[in-house]
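The structure appears below as structure tokens.
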Amino acid sequence: MQRLPRQRTSAAEELEVIAPSKLAIENVSKNFKGASGAVLALDQVSLNVAEGEFVCLVGASGCGKTTLLNIIAGLEKPDSGTVQADGKPITGPGRERLVMFQEPALFPWLNVFGNVLFGLKLKPNLTNKDRQDVAKYYLELVGLSRFERANIHELSGGMKQRVSLARALAPNPRMLLMDEPFAALDALTREQLYGDLQRIWKARNKTIVFVTHNVREAACLGDRVIVFSPRPGRIREEFAVDLPRPRDINSVDLAVHATEITKALKGYSQPEVAIAE
Amino acid sequence: MKRFLLAALFFAVLLLIWEALFRAKIWSPVLLPSPRQVAVYLKDATVDGTLVKATIVTMRRLIIGYIIGLLAGLPLGLLTARWRVCQDTIGTLALGLQTLPSVCWVPLALLWFGQTEAAMLFVVVMGTLWSVVIATETGVRNVPPIYRRAALTMGSRRMHMWFKVILPAALPFIVSGMKQGWAFAWRSLMAAEIFVTILTGFGLGQLLHYGRELSAMEQVIGIMIIIVVIGLLADKIFFSPFEKFLHRRWGTSQA
């Protein structure tokens, strides 16, 4: 057997801004078998996301937006239809597309630095020194340099999500999948993170698919907002938001967009409980 | 420092009460020796080497048996958590045997292995093994699925997943299982040593037994104190740092 010389990647190369991913979803359907029979979580969903685009998926709970995100991540398989990233079908999870979950899925047995390092350690061709430099860079990017030795339980909810963001960014994925990452935070912390996320998205040039049920949040962050309806989960409408960035969640122009989207959303969502007359 | 002084004071008072009871002559000195007599026995037994030798014999049995129990229990626990067929077989067996007081292994061990070290080791291993198997299995089953999913997206698979995600996540459970296993092993070993003369070495349990045979109460109490101290030390030196680390990292309640 011939041993190939190992290629080494330097920290600087690892930190280069790489081309973001393009996503093509075609006719994806997914069923779930629940206690009350089969539920059609996704029904013939098709969606294209361009390189470097920020797309928000909004809809009432149970509309399948999280399921779609999991399918893009490769954590779940669709029953039918295809999902392609950069022309290649997605067969499983991979560090090209990293996920930020609603609850911070940080590992409590590692400190902040260890968590950010976790994904980097799985990347070959880097020295440990390089990995540490890369981790430090991202902790600085999310504003948590001072907390690299902190334990996870010592952080506030907002700080935890910043660490999650740094951890997701560290292996330099081409796409970021975010599943209601700010839903559990207070309004003030959220507003700060909106600003930071827009800044980081610009700096690192990622494709972002962002799931939320908060229409204002979607209008603030997304280039495009995709409206889902529940039971069965379908894409109903999409809105382009062409406001200049960085956007302020409290701006009047944004409110106009949000109102329009909310109106559409309400039209497609039947009430969960129908009261008979 | 204040805590240490308070503890020292507490034990000094206990000693004083003991001495007072001895002086009150409520019980015969044969039944209740004075603290000084016990101290003299411990000193003499240390000087002539019996105590040190017996402690070494006992600790060797305990530590070797415990390590074997751990090394076998961890993988068995992982298998049990991973495959349903192992859960139904090994898991059920472990659950059943864990309810069996480990002293109950002594007669069987003696018949199988005779009065040898192997019998002692067997008893210790049986005391440790099942607790560790069950704790590992419970720990692995209680790992939040989100950790696995997060690790999957970052490219963790198979062995890396087991050793860098699932095992560390299950650590709090595993450590408490290890502690329980240690307690079971220690108790069953003492019982075995008291019941049976093992030809290959005299342990602390045997010294305790001969103390009774000779009606040497200072020996009985002295050895009991040594057994308590060993238990305390094991906790402080081996388990305490582990638990402190877990408390600090996980942020669970800190005493």
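In the structure tokens, chains take letters A, B, ... by order of appearance, with residues numbered from 1 within each chain and ligands from 1 in the order shown.
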
Counting only C-alpha atoms, a student should be able to say which residues of chain B come within 12 Å of chain A; what is the right answer, written as a VMD selection string?
chain B and resid 143 to 157 160 to 161 164 to 172 245 to 253

How many Å lie between CA of Val55 (chain A) and CA of Ile226 (chain A), rounded to one decimal?
7.4 Å

Quick one: pick out all strand (DSSP E) residues within region 70-238 of chain A from a backbone DSSP run and write them as a VMD selection string.
chain A and resid 80 to 85 88 to 89 97 to 100 175 to 179 207 to 212 224 to 229 234 to 238

Selected residues written out with N, CA and C atoms, as an mmCIF file, in the first residue's frame:
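selection31.cif, written as the output of this step:
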data_model
loop_
_atom_site.group_PDB
_atom_site.id
_atom_site.type_symbol
_atom_site.label_atom_id
_atom_site.label_comp_id
_atom_site.auth_asym_id
_atom_site.auth_seq_id
_atom_site.Cartn_x
_atom_site.Cartn_y
_atom_site.Cartn_z
ATOM 1 N N SER A 80 -40.412 10.827 -0.404
ATOM 2 C CA SER A 80 -40.236 10.951 -1.849
ATOM 3 C C SER A 80 -39.690 12.336 -2.154
ATOM 4 N N GLY A 81 -39.200 12.501 -3.390
ATOM 5 C CA GLY A 81 -38.620 13.773 -3.770
ATOM 6 C C GLY A 81 -37.116 13.788 -3.572
ATOM 7 N N THR A 82 -36.481 14.846 -4.065
ATOM 8 C CA THR A 82 -35.020 14.914 -3.979
ATOM 9 C C THR A 82 -34.578 16.226 -3.345
ATOM 10 N N VAL A 83 -33.453 16.134 -2.658
ATOM 11 C CA VAL A 83 -32.817 17.331 -2.115
ATOM 12 C C VAL A 83 -31.368 17.316 -2.559
ATOM 13 N N GLN A 84 -30.973 18.382 -3.228
ATOM 14 C CA GLN A 84 -29.597 18.444 -3.705
ATOM 15 C C GLN A 84 -28.908 19.691 -3.198
ATOM 16 N N ALA A 85 -27.675 19.512 -2.739
ATOM 17 C CA ALA A 85 -26.849 20.649 -2.373
ATOM 18 C C ALA A 85 -25.727 20.724 -3.390
ATOM 19 N N LYS A 88 -25.394 17.826 -5.777
ATOM 20 C CA LYS A 88 -25.213 16.465 -5.281
ATOM 21 C C LYS A 88 -26.327 16.127 -4.302
ATOM 22 N N PRO A 89 -26.926 14.937 -4.409
ATOM 23 C CA PRO A 89 -27.992 14.577 -3.478
ATOM 24 C C PRO A 89 -27.466 14.465 -2.044
ATOM 25 N N ARG A 97 -23.122 21.345 5.959
ATOM 26 C CA ARG A 97 -24.368 21.998 6.372
ATOM 27 C C ARG A 97 -24.522 21.805 7.879
ATOM 28 N N LEU A 98 -24.194 22.809 8.629
ATOM 29 C CA LEU A 98 -24.283 22.661 10.085
ATOM 30 C C LEU A 98 -25.578 23.253 10.615
ATOM 31 N N VAL A 99 -26.029 22.668 11.719
ATOM 32 C CA VAL A 99 -27.342 23.003 12.253
ATOM 33 C C VAL A 99 -27.200 23.728 13.585
ATOM 34 N N MET A 100 -28.036 24.723 13.778
ATOM 35 C CA MET A 100 -28.152 25.358 15.079
ATOM 36 C C MET A 100 -29.567 25.076 15.562
ATOM 37 N N MET A 175 -23.249 26.034 4.385
ATOM 38 C CA MET A 175 -24.632 26.384 4.646
ATOM 39 C C MET A 175 -24.914 26.260 6.129
ATOM 40 N N LEU A 176 -25.746 27.158 6.632
ATOM 41 C CA LEU A 176 -26.122 27.132 8.039
ATOM 42 C C LEU A 176 -27.620 26.895 8.119
ATOM 43 N N LEU A 177 -28.023 25.902 8.918
ATOM 44 C CA LEU A 177 -29.443 25.613 9.079
ATOM 45 C C LEU A 177 -29.828 25.978 10.494
ATOM 46 N N MET A 178 -30.782 26.894 10.640
ATOM 47 C CA MET A 178 -31.109 27.375 11.979
ATOM 48 C C MET A 178 -32.574 27.093 12.291
ATOM 49 N N ASP A 179 -32.778 26.358 13.389
ATOM 50 C CA ASP A 179 -34.124 25.937 13.750
ATOM 51 C C ASP A 179 -34.612 26.734 14.959
ATOM 52 N N THR A 207 -24.854 30.452 3.030
ATOM 53 C CA THR A 207 -26.267 30.270 2.721
ATOM 54 C C THR A 207 -26.961 29.921 4.032
ATOM 55 N N ILE A 208 -28.055 30.609 4.340
ATOM 56 C CA ILE A 208 -28.723 30.313 5.606
ATOM 57 C C ILE A 208 -30.191 29.972 5.369
ATOM 58 N N VAL A 209 -30.614 28.841 5.909
ATOM 59 C CA VAL A 209 -32.035 28.512 5.952
ATOM 60 C C VAL A 209 -32.450 28.622 7.407
ATOM 61 N N PHE A 210 -33.419 29.486 7.664
ATOM 62 C CA PHE A 210 -33.755 29.873 9.024
ATOM 63 C C PHE A 210 -35.229 29.596 9.273
ATOM 64 N N VAL A 211 -35.519 28.709 10.212
ATOM 65 C CA VAL A 211 -36.904 28.361 10.526
ATOM 66 C C VAL A 211 -37.386 29.189 11.708
ATOM 67 N N THR A 212 -38.568 29.753 11.603
ATOM 68 C CA THR A 212 -39.105 30.525 12.723
ATOM 69 C C THR A 212 -40.630 30.583 12.630
ATOM 70 N N ARG A 224 -35.626 36.296 1.542
ATOM 71 C CA ARG A 224 -36.910 35.775 1.121
ATOM 72 C C ARG A 224 -37.593 35.127 2.311
ATOM 73 N N VAL A 225 -38.897 35.265 2.387
ATOM 74 C CA VAL A 225 -39.651 34.614 3.452
ATOM 75 C C VAL A 225 -40.631 33.649 2.798
ATOM 76 N N ILE A 226 -40.538 32.362 3.182
ATOM 77 C CA ILE A 226 -41.387 31.338 2.596
ATOM 78 C C ILE A 226 -42.492 31.014 3.597
ATOM 79 N N VAL A 227 -43.743 31.104 3.160
ATOM 80 C CA VAL A 227 -44.860 30.873 4.071
ATOM 81 C C VAL A 227 -45.384 29.453 3.910
ATOM 82 N N PHE A 228 -45.419 28.716 5.016
ATOM 83 C CA PHE A 228 -45.909 27.343 5.048
ATOM 84 C C PHE A 228 -47.313 27.304 5.642
ATOM 85 N N SER A 229 -48.073 26.303 5.231
ATOM 86 C CA SER A 229 -49.338 26.049 5.914
ATOM 87 C C SER A 229 -49.294 24.649 6.493
ATOM 88 N N ARG A 234 -47.319 22.563 3.441
ATOM 89 C CA ARG A 234 -47.120 23.005 2.055
ATOM 90 C C ARG A 234 -46.549 24.401 2.023
ATOM 91 N N ILE A 235 -45.818 24.694 0.945
ATOM 92 C CA ILE A 235 -45.392 26.074 0.733
ATOM 93 C C ILE A 235 -46.538 26.803 0.020
ATOM 94 N N ARG A 236 -46.965 27.933 0.583
ATOM 95 C CA ARG A 236 -48.113 28.643 0.039
ATOM 96 C C ARG A 236 -47.724 29.884 -0.743
ATOM 97 N N GLU A 237 -46.758 30.580 -0.255
ATOM 98 C CA GLU A 237 -46.458 31.861 -0.847
ATOM 99 C C GLU A 237 -45.042 32.238 -0.467
ATOM 100 N N GLU A 238 -44.424 33.118 -1.242
ATOM 101 C CA GLU A 238 -43.147 33.618 -0.776
ATOM 102 C C GLU A 238 -43.035 35.121 -0.995
#

May I ask for the distance between CA of Arg61 (chain B) and CA of Phe195 (chain B), given in Å to one decimal place?
15.7 Å

All alpha helix (DSSP H) residues (DSSP, backbone) inside region 37-171 of chain A, as an NGL selection string
:A and (65-73 or 112-121 or 128-141 or 157-169)

Quick one: residues within 10 Å of region 32-47 of chain B, only C-alpha atoms counted, chain neighbours fewer than 6 positions away excluded, as a list in words?
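Close residues of region 32-47 of chain B: Leu15, Leu16, Trp18, Glu19, Ala20, Leu21, Phe22, Arg23, Lys25, Ile26, Lys53, Ala216, Met217, Glu218, Gln219, Val220, Ile221, Gly222, Ile223, Ile225 and Ile226 of chain B.
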
Selection near Ile56 (chain B), 10 Å with only C-alpha atoms, sequence-local residues under 3 positions removed, as a ChimeraX atom specification
/B:50-53,59-62,201-204

Taken to one decimal, the CA of Lys179 (chain B)-CA of Val140 (chain B) distance is 17.2 Å

Which residues are near Thr262 (chain A)? Cut-off 12 Å, only C-alpha atoms, ignore same chain within fewer than 2 positions. Put them as a PyMOL selection string.
chain A and resi 58-60+213-219+225-228+237-239+255-260+264-269

Pull C-alpha atoms from the residues just selected and write them as a PDB file, in the first residue's frame.
ATOM      1  CA  VAL A  58     -42.343  30.642   8.572  1.00  0.00           C
ATOM      2  CA  GLY A  59     -45.519  28.854   9.506  1.00  0.00           C
ATOM      3  CA  ALA A  60     -47.647  27.712  12.386  1.00  0.00           C
ATOM      4  CA  HIS A 213     -42.703  31.202  13.655  1.00  0.00           C
ATOM      5  CA  ASN A 214     -41.926  34.849  14.305  1.00  0.00           C
ATOM      6  CA  VAL A 215     -42.859  36.828  11.184  1.00  0.00           C
ATOM      7  CA  ARG A 216     -41.034  39.996  12.218  1.00  0.00           C
ATOM      8  CA  GLU A 217     -37.903  37.981  12.812  1.00  0.00           C
ATOM      9  CA  ALA A 218     -38.258  36.429   9.358  1.00  0.00           C
ATOM     10  CA  ALA A 219     -38.757  39.812   7.703  1.00  0.00           C
ATOM     11  CA  VAL A 225     -39.651  34.614   3.452  1.00  0.00           C
ATOM     12  CA  ILE A 226     -41.387  31.338   2.596  1.00  0.00           C
ATOM     13  CA  VAL A 227     -44.860  30.873   4.071  1.00  0.00           C
ATOM     14  CA  PHE A 228     -45.909  27.343   5.048  1.00  0.00           C
ATOM     15  CA  GLU A 237     -46.458  31.861  -0.847  1.00  0.00           C
ATOM     16  CA  GLU A 238     -43.147  33.618  -0.776  1.00  0.00           C
ATOM     17  CA  PHE A 239     -42.160  37.210  -0.158  1.00  0.00           C
ATOM     18  CA  ALA A 255     -43.427  46.322  10.037  1.00  0.00           C
ATOM     19  CA  VAL A 256     -45.176  46.896   6.722  1.00  0.00           C
ATOM     20  CA  HIS A 257     -43.591  43.764   5.270  1.00  0.00           C
ATOM     21  CA  ALA A 258     -44.303  41.784   8.396  1.00  0.00           C
ATOM     22  CA  THR A 259     -47.965  42.779   8.393  1.00  0.00           C
ATOM     23  CA  GLU A 260     -48.326  41.643   4.811  1.00  0.00           C
ATOM     24  CA  ALA A 264     -50.965  35.681   4.294  1.00  0.00           C
ATOM     25  CA  LEU A 265     -49.973  33.334   7.101  1.00  0.00           C
ATOM     26  CA  LYS A 266     -53.298  33.745   8.879  1.00  0.00           C
ATOM     27  CA  GLY A 267     -55.177  33.039   5.673  1.00  0.00           C
ATOM     28  CA  TYR A 268     -53.477  29.677   5.278  1.00  0.00           C
ATOM     29  CA  SER A 269     -53.626  28.472   8.843  1.00  0.00           C
TER      30      SER A 269
END

Could you give me, as a PDB file with C-alpha atoms, in the first residue's frame, the residues within 10 Å of Leu97 (chain B), counting only C-alpha atoms and dropping anything in the same chain fewer than 2 positions from it?
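That gives us part_7.pdb:
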ATOM      1  CA  GLY B  91     -29.829  -6.429  30.621  1.00  0.00           C
ATOM      2  CA  THR B  92     -32.409  -8.668  32.220  1.00  0.00           C
ATOM      3  CA  LEU B  93     -29.696 -10.861  33.713  1.00  0.00           C
ATOM      4  CA  ALA B  94     -27.917  -7.817  35.155  1.00  0.00           C
ATOM      5  CA  LEU B  95     -31.128  -6.438  36.603  1.00  0.00           C
ATOM      6  CA  THR B  99     -30.938  -7.504  43.265  1.00  0.00           C
ATOM      7  CA  LEU B 100     -29.066 -10.536  44.618  1.00  0.00           C
ATOM      8  CA  PRO B 101     -27.046  -9.403  47.660  1.00  0.00           C
ATOM      9  CA  SER B 102     -23.473 -10.040  46.616  1.00  0.00           C
ATOM     10  CA  MET B 126     -19.953  -9.993  41.025  1.00  0.00           C
ATOM     11  CA  GLY B 127     -20.505  -7.153  43.461  1.00  0.00           C
ATOM     12  CA  LEU B 129     -20.224  -5.843  37.623  1.00  0.00           C
ATOM     13  CA  TRP B 130     -24.020  -5.643  37.616  1.00  0.00           C
ATOM     14  CA  SER B 131     -24.225  -2.171  39.095  1.00  0.00           C
TER      15      SER B 131
END

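Closest to Val163 (chain A) among A:Phe32, A:Phe54, A:Phe113, A:Tyr137 is A:Phe113, based on only C-alpha atoms.
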
Report as JSON, numbers by chain all protein, DNA and RNA residues lying within 9 Å of region 76-84 of chain B, evaluated on only C-alpha atoms, omitting residues in the same chain fewer than 5 positions from it.
{"B": [71, 89, 90, 91, 130, 132, 133, 134, 135, 136, 137, 138, 139, 140, 141, 162, 167]}

Take the residues that were just selected and, keeping N, CA and C atoms, output them as a PDB file, in the first residue's frame.
ATOM      1  N   LEU B  71     -14.023  -3.077  33.913  1.00  0.00           N
ATOM      2  CA  LEU B  71     -13.624  -3.331  32.522  1.00  0.00           C
ATOM      3  C   LEU B  71     -14.641  -4.219  31.817  1.00  0.00           C
ATOM      4  N   THR B  89     -31.391  -9.787  26.985  1.00  0.00           N
ATOM      5  CA  THR B  89     -30.643 -10.899  27.578  1.00  0.00           C
ATOM      6  C   THR B  89     -29.740 -10.423  28.720  1.00  0.00           C
ATOM      7  N   ILE B  90     -28.652  -9.752  28.352  1.00  0.00           N
ATOM      8  CA  ILE B  90     -27.698  -9.305  29.375  1.00  0.00           C
ATOM      9  C   ILE B  90     -28.367  -8.332  30.342  1.00  0.00           C
ATOM     10  N   GLY B  91     -29.186  -7.438  29.787  1.00  0.00           N
ATOM     11  CA  GLY B  91     -29.829  -6.429  30.621  1.00  0.00           C
ATOM     12  C   GLY B  91     -30.720  -7.045  31.682  1.00  0.00           C
ATOM     13  N   TRP B 130     -22.628  -5.882  38.024  1.00  0.00           N
ATOM     14  CA  TRP B 130     -24.020  -5.643  37.616  1.00  0.00           C
ATOM     15  C   TRP B 130     -24.438  -4.198  37.822  1.00  0.00           C
ATOM     16  N   VAL B 132     -22.459  -1.667  37.536  1.00  0.00           N
ATOM     17  CA  VAL B 132     -21.834  -0.891  36.472  1.00  0.00           C
ATOM     18  C   VAL B 132     -22.585  -1.098  35.148  1.00  0.00           C
ATOM     19  N   VAL B 133     -22.962  -2.340  34.870  1.00  0.00           N
ATOM     20  CA  VAL B 133     -23.707  -2.630  33.635  1.00  0.00           C
ATOM     21  C   VAL B 133     -24.992  -1.797  33.600  1.00  0.00           C
ATOM     22  N   ILE B 134     -25.730  -1.845  34.696  1.00  0.00           N
ATOM     23  CA  ILE B 134     -27.027  -1.166  34.708  1.00  0.00           C
ATOM     24  C   ILE B 134     -26.856   0.350  34.651  1.00  0.00           C
ATOM     25  N   ALA B 135     -25.871   0.873  35.392  1.00  0.00           N
ATOM     26  CA  ALA B 135     -25.665   2.318  35.377  1.00  0.00           C
ATOM     27  C   ALA B 135     -25.241   2.787  33.988  1.00  0.00           C
ATOM     28  N   THR B 136     -24.356   2.036  33.330  1.00  0.00           N
ATOM     29  CA  THR B 136     -23.908   2.423  31.998  1.00  0.00           C
ATOM     30  C   THR B 136     -25.085   2.413  31.026  1.00  0.00           C
ATOM     31  N   GLU B 137     -25.880   1.367  31.114  1.00  0.00           N
ATOM     32  CA  GLU B 137     -27.024   1.280  30.214  1.00  0.00           C
ATOM     33  C   GLU B 137     -27.986   2.446  30.440  1.00  0.00           C
ATOM     34  N   THR B 138     -28.322   2.689  31.709  1.00  0.00           N
ATOM     35  CA  THR B 138     -29.228   3.793  32.021  1.00  0.00           C
ATOM     36  C   THR B 138     -28.645   5.110  31.534  1.00  0.00           C
ATOM     37  N   GLY B 139     -27.355   5.294  31.785  1.00  0.00           N
ATOM     38  CA  GLY B 139     -26.703   6.527  31.372  1.00  0.00           C
ATOM     39  C   GLY B 139     -26.812   6.743  29.874  1.00  0.00           C
ATOM     40  N   VAL B 140     -26.490   5.710  29.115  1.00  0.00           N
ATOM     41  CA  VAL B 140     -26.512   5.838  27.654  1.00  0.00           C
ATOM     42  C   VAL B 140     -27.933   6.102  27.166  1.00  0.00           C
ATOM     43  N   ARG B 141     -28.902   5.421  27.768  1.00  0.00           N
ATOM     44  CA  ARG B 141     -30.284   5.637  27.344  1.00  0.00           C
ATOM     45  C   ARG B 141     -30.791   7.028  27.666  1.00  0.00           C
ATOM     46  N   TRP B 162     -19.288   7.237  20.129  1.00  0.00           N
ATOM     47  CA  TRP B 162     -19.360   6.533  21.405  1.00  0.00           C
ATOM     48  C   TRP B 162     -18.430   7.140  22.447  1.00  0.00           C
ATOM     49  N   LEU B 167     -20.443   8.380  25.753  1.00  0.00           N
ATOM     50  CA  LEU B 167     -19.843   8.066  27.054  1.00  0.00           C
ATOM     51  C   LEU B 167     -19.714   9.295  27.961  1.00  0.00           C
TER      52      LEU B 167
END
